[in-house]
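Reading through the structure tokens given below for one structure.
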Amino acid sequence: MSSTTYCEELSAKSYEELAANFDWSMAERELGYQPGDPINIGWMCSDRICGLGMADKVALYWEDFQGNQQQFTFDAARVLSNAVAQFLCGLGIAPGERVCLFMDRVPELYIGLLGILKTGAVAQPLFSAFGDESLLVRLKNADTSAIITQKKHVHKVRKIREQLPNLRHIIVVDPGESPLLPREVAFRMEQVPRVEDFIVYPTTAESPSLLHYTSGTTGQPKGAQHVHYSIVSQYLTAKWVLDLQPDDIYWCNADPGWVTGTSYGIIGPWSNGTTQVVLDSGFNAKRWYEFMARRRVTVWYSAPTAIRLLMKEGTEVVREHDLSSLRHLASVGEPLNAEAVIWSEHAFGKPFHDTFWQTETGCIVITNFPGMPIKPGSMGKPFPGITATVLNTRTYEPITEPGLAGLIALRPGWPSQIRGYWSNEAGFKAKFKNGWYLCGDRASIDHDGYYWFMGRDDDVINTGGHLVGPFEIESALLEHPAVFESAAVAKPDPVNMEVVKAFVTLKRGYSPNDDLELEIMNHIRKRLSPLAMPQEIEFVDSLPKTRSGKIVRRILRCKEFNEPVGDLSTIMDD
Amino acid sequence: MDEISKAVHDYVVREYLEEGDEREITEATPLISGGIVDSFSMVSLKRFLEKKYQIQIPDADATPDAFDTVQRIVALVHRFQKPATVGV
């Protein structure tokens with residue numbers, strides 16, 4: 001593998017030269033892949049790295065909030081993922097079947113993903129804080145065959161298992177003393193024999209690899225279908241944008257229940273043979289700094305919400321820790337405000353580099369590169385190999401005038417672009433206009449080619465870097481006995497950028513009060529997830545509607561953002 | 001465990017511990033950093049405290065650190081209670 005960093009390449013060539021002469025085949029060559037060959041992410045991230053002489057290099061340093069620690073070399077990742085794969089094959093899991101990972105950030109999650117992929121099955125990671133309703137919707141949609149989970153989460157699966165007749169296996173990695181029910185089986189990774197040789201299923205470039213669920217304005221969440229060839233993008237963007245180098249110690253804050261946690265929390269670093277650290281813990285500024293200082297973290301990929309929480313804790317606590325190992329900082333999830341970039345320069349002596357991408361893109365597509373001058377608050381420029389633009393909202397033609405806002409659009413065809421939404425062809429087709437893929441966000445491009453984020457182009461709520469669909473929340477709100485009608489919209493928030501606010505009308509016999517508000521909040525938190533929980537509920541007498549009776553969220557959203565509602569004549573006639 | 005500690009403790013166990021989660025929650029158990037209560041769910045915990053103790057906790061004071069243990073939450077409640085109602 002080449003150890004040339006992007007900074008070195010950039011010093012020799014300009015960004016424009018790199019972009020003009022770019023070809024994804026350079027990543028294929030570095031990965032030792034030739035078009036038409038089998039390609040398997042599980043093998044690429046373990047066996048291949050061992051074959052490159054890094055078998056004894058640490059792949060993962062893991063610890064939890066109680067201080068429990070484990071470490072795994074690339075060889076351990078190889079033989080343990082083989083063990084997972086062999087176990088799944090023994091259960092009769094066939095290539096193409098969906099196997100869900102529903103766990104906290106424990107080692108079984110990281111190694112289990114490689115194991116699933118080695119069998120040719122499709123990994124379906126889901127955020128472990130999801131409630132039973134969120135879990136049910138996603139498992140039902142994917143027609144999932146098996147789920148790997150922990151004792152602390154298995155009760156959620158038990159609540160819904162009767163509604164999932166095709167869920168044949170519920171695999172518990174830490175069953176303890178509690179008896180398992182029919183269809184449940186134990187898999188204790190620390191006790192199973194390591195498997196030296198496993199014949200990895202010969203997936204090809206277009207074989208399905210991961211199914212990540214994402215939210216849209218309408219309908220239930222959509223399963224974004226990724227393929228094994230996506231590793232080509234994830235490998236190169238991790239190397240160039242996150243600037244991963246052979247001796248780096250890398251920390252990605254993201255949970256693999258979301259796409260960042262797999263693309264850059266597993267595949268990107270491990271395909272580069274990079275050592276990564278994982279802290280399975282909630283937020284605590286002191287603990288995070290102590291962890292980074294002790295582990296000598298060099299590259300840190302975080303999120304604006306976390307950075308803003310750290311900002312609240314001040315710089316004094318930063319000074320109490322030796323963070324001199326930090327070499328490169330990057331951020332993802334939502335736009336990184338200029339204040340956060342400036343604060344990080346003050347606190348850490350270096351800026352966070354904002355990166356833009358989404359579940360559907362599979363890899364970073366617009367970014368502030370290492371070595372490129374940062375304009376605080378800007379998303380940066382398209383990654384070489386990505387053709388991006390902003391489109392006029394009516395004509396869907398590229399906007400050529402700098403500074404004018406339009407829809408962020410990408411020319412299809414990069415390796416990690418999703419190949420579709422699971423069982424939702426119409427939803428996937430709707431993402432394209434005039435030969436462009438629409439990201440669903442608005443931005444402008446300045447004279448220097450830098451992109452500036454302006455907001456979502458739909459009703460999806462971006463809270464703490466996670467997209468939450470209003471429909472799912474509204475459906476769950478209606479399950480509450482007091483709720484007659486509801487609308488969920490985004491509300492600005494200084495830490496999370498946006499949070500969920502619900503407008504609710506009540507059924508006869510119920511009246512608004514604090515107890516009811518708290519009860520409804522907790523109902524959503526448990527049914528869906530903490531992210532989806534409205535941080536505020538406004539009880540209203542009626543909701544704004546079109547003449548045909550459709551609730552107009554836009555009016556409510558504009559009110560929250562103090563924006564003009566604009567022309568409603570066409571909407572109200574809907 | 002005084003009345004406020006018990007009320008906070010019971011609420012955390014009831015609302016945030018998942019069924020089958022056998023972890024013991026003490027007054028010093030890390031709630032936020034321990035992943036039992038996440039930063040989003042902190043809002044409902046804050047709302048519970050404000051409602052039950054008729055207090056207003058400013059957002060600036062509702063930090064993950066201030067909500068990290070039952071002990072700290074109790075201290076926060078005491079801080080924003082009017083003197084006459086302390087200990088109620």
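In the structure tokens, chains take letters A, B, ... by order of appearance, with residues numbered from 1 within each chain and ligands from 1 in the order shown.
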Quick one: contact table of region 9-72 of chain B to region 524-536 of chain A, 8 Å max, nearest atom pair and distance in Å to one decimal per residue, counting only C-alpha atoms, chain and number order, as a tab-separated table?
residue	atom	partner	partner_atom	distance
B:Asp38	CA	A:Pro530	CA	7.5
B:Phe40	CA	A:Pro530	CA	5.6
B:Ser41	CA	A:Pro530	CA	5.6
B:Val43	CA	A:Gln535	CA	6.5
B:Ser44	CA	A:Gln535	CA	7.5
Problem set entry | Contact residues around Tyr61 (chain A) with only C-alpha atoms at 7 Å, ignoring same-chain residues under 6 positions, as a ChimeraX atom specification | /A:70-72,276-278
Using only C-alpha atoms, find the residues of chain B whose closest atom to chain A is at most 10 Å away, then write them as a PDB file with C-alpha atoms, in the first residue's frame.
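And here is the file that came out, out-v3.pdb:
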ATOM      1  CA  GLU B  15     -38.003   5.380  32.620  1.00  0.00           C
ATOM      2  CA  TYR B  16     -34.462   4.781  31.376  1.00  0.00           C
ATOM      3  CA  LEU B  17     -33.398   1.296  32.340  1.00  0.00           C
ATOM      4  CA  GLU B  18     -34.523  -1.170  29.763  1.00  0.00           C
ATOM      5  CA  GLU B  19     -36.513  -4.203  30.782  1.00  0.00           C
ATOM      6  CA  GLY B  20     -34.078  -6.937  31.695  1.00  0.00           C
ATOM      7  CA  ASP B  21     -31.270  -4.487  32.370  1.00  0.00           C
ATOM      8  CA  GLU B  22     -30.060  -5.660  35.736  1.00  0.00           C
ATOM      9  CA  ARG B  23     -27.587  -2.881  36.416  1.00  0.00           C
ATOM     10  CA  PRO B  30     -22.732   7.574  35.934  1.00  0.00           C
ATOM     11  CA  LEU B  31     -25.960   8.104  34.017  1.00  0.00           C
ATOM     12  CA  ILE B  32     -24.899  10.171  31.016  1.00  0.00           C
ATOM     13  CA  SER B  33     -21.311   8.976  30.632  1.00  0.00           C
ATOM     14  CA  GLY B  34     -22.508   5.464  31.488  1.00  0.00           C
ATOM     15  CA  GLY B  35     -24.884   5.540  28.551  1.00  0.00           C
ATOM     16  CA  ILE B  36     -28.011   5.017  30.690  1.00  0.00           C
ATOM     17  CA  VAL B  37     -29.459   8.439  29.892  1.00  0.00           C
ATOM     18  CA  ASP B  38     -28.349  10.019  26.617  1.00  0.00           C
ATOM     19  CA  SER B  39     -28.133  13.738  26.022  1.00  0.00           C
ATOM     20  CA  PHE B  40     -31.477  13.776  24.167  1.00  0.00           C
ATOM     21  CA  SER B  41     -33.297  11.971  26.946  1.00  0.00           C
ATOM     22  CA  MET B  42     -31.841  14.426  29.439  1.00  0.00           C
ATOM     23  CA  VAL B  43     -34.548  16.826  28.314  1.00  0.00           C
ATOM     24  CA  SER B  44     -37.335  14.601  29.610  1.00  0.00           C
ATOM     25  CA  LEU B  45     -35.466  14.109  32.876  1.00  0.00           C
ATOM     26  CA  ARG B  47     -38.798  18.306  32.483  1.00  0.00           C
ATOM     27  CA  PHE B  48     -39.633  15.747  35.184  1.00  0.00           C
ATOM     28  CA  GLU B  50     -38.998  20.984  36.828  1.00  0.00           C
ATOM     29  CA  LYS B  51     -42.520  19.664  37.068  1.00  0.00           C
ATOM     30  CA  LYS B  52     -42.097  17.680  40.259  1.00  0.00           C
ATOM     31  CA  ALA B  60     -26.924  26.649  30.515  1.00  0.00           C
ATOM     32  CA  THR B  63     -25.180  20.108  31.181  1.00  0.00           C
ATOM     33  CA  PRO B  64     -24.361  16.395  30.811  1.00  0.00           C
ATOM     34  CA  ASP B  65     -21.968  16.833  33.721  1.00  0.00           C
ATOM     35  CA  ASP B  68     -24.355  12.581  35.350  1.00  0.00           C
TER      36      ASP B  68
END
Exercise. So how far away is CA of Thr26 (chain B) from CA of Val13 (chain B), in Å?
Worked result: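 So the two atoms, CA of Val13 (chain B) and CA of Thr26 (chain B), lie 10.2 Å apart.
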Problem set entry | Nearby residues (only C-alpha atoms) at most 7 Å from region 69-72 of chain B, same-chain spacing under 4 positions excluded, as an NGL selection string | :B and (5 or 8-9 or 27-31 or 76)
Exercise. Any idea what's packed within 10 Å of Thr275 (chain A), counting only C-alpha atoms, ignoring anything in its chain fewer than 3 positions away? Could you give it as an NGL selection string?
Worked result: :A and (57-61 or 72-74 or 244-251 or 269-270 or 272 or 297)
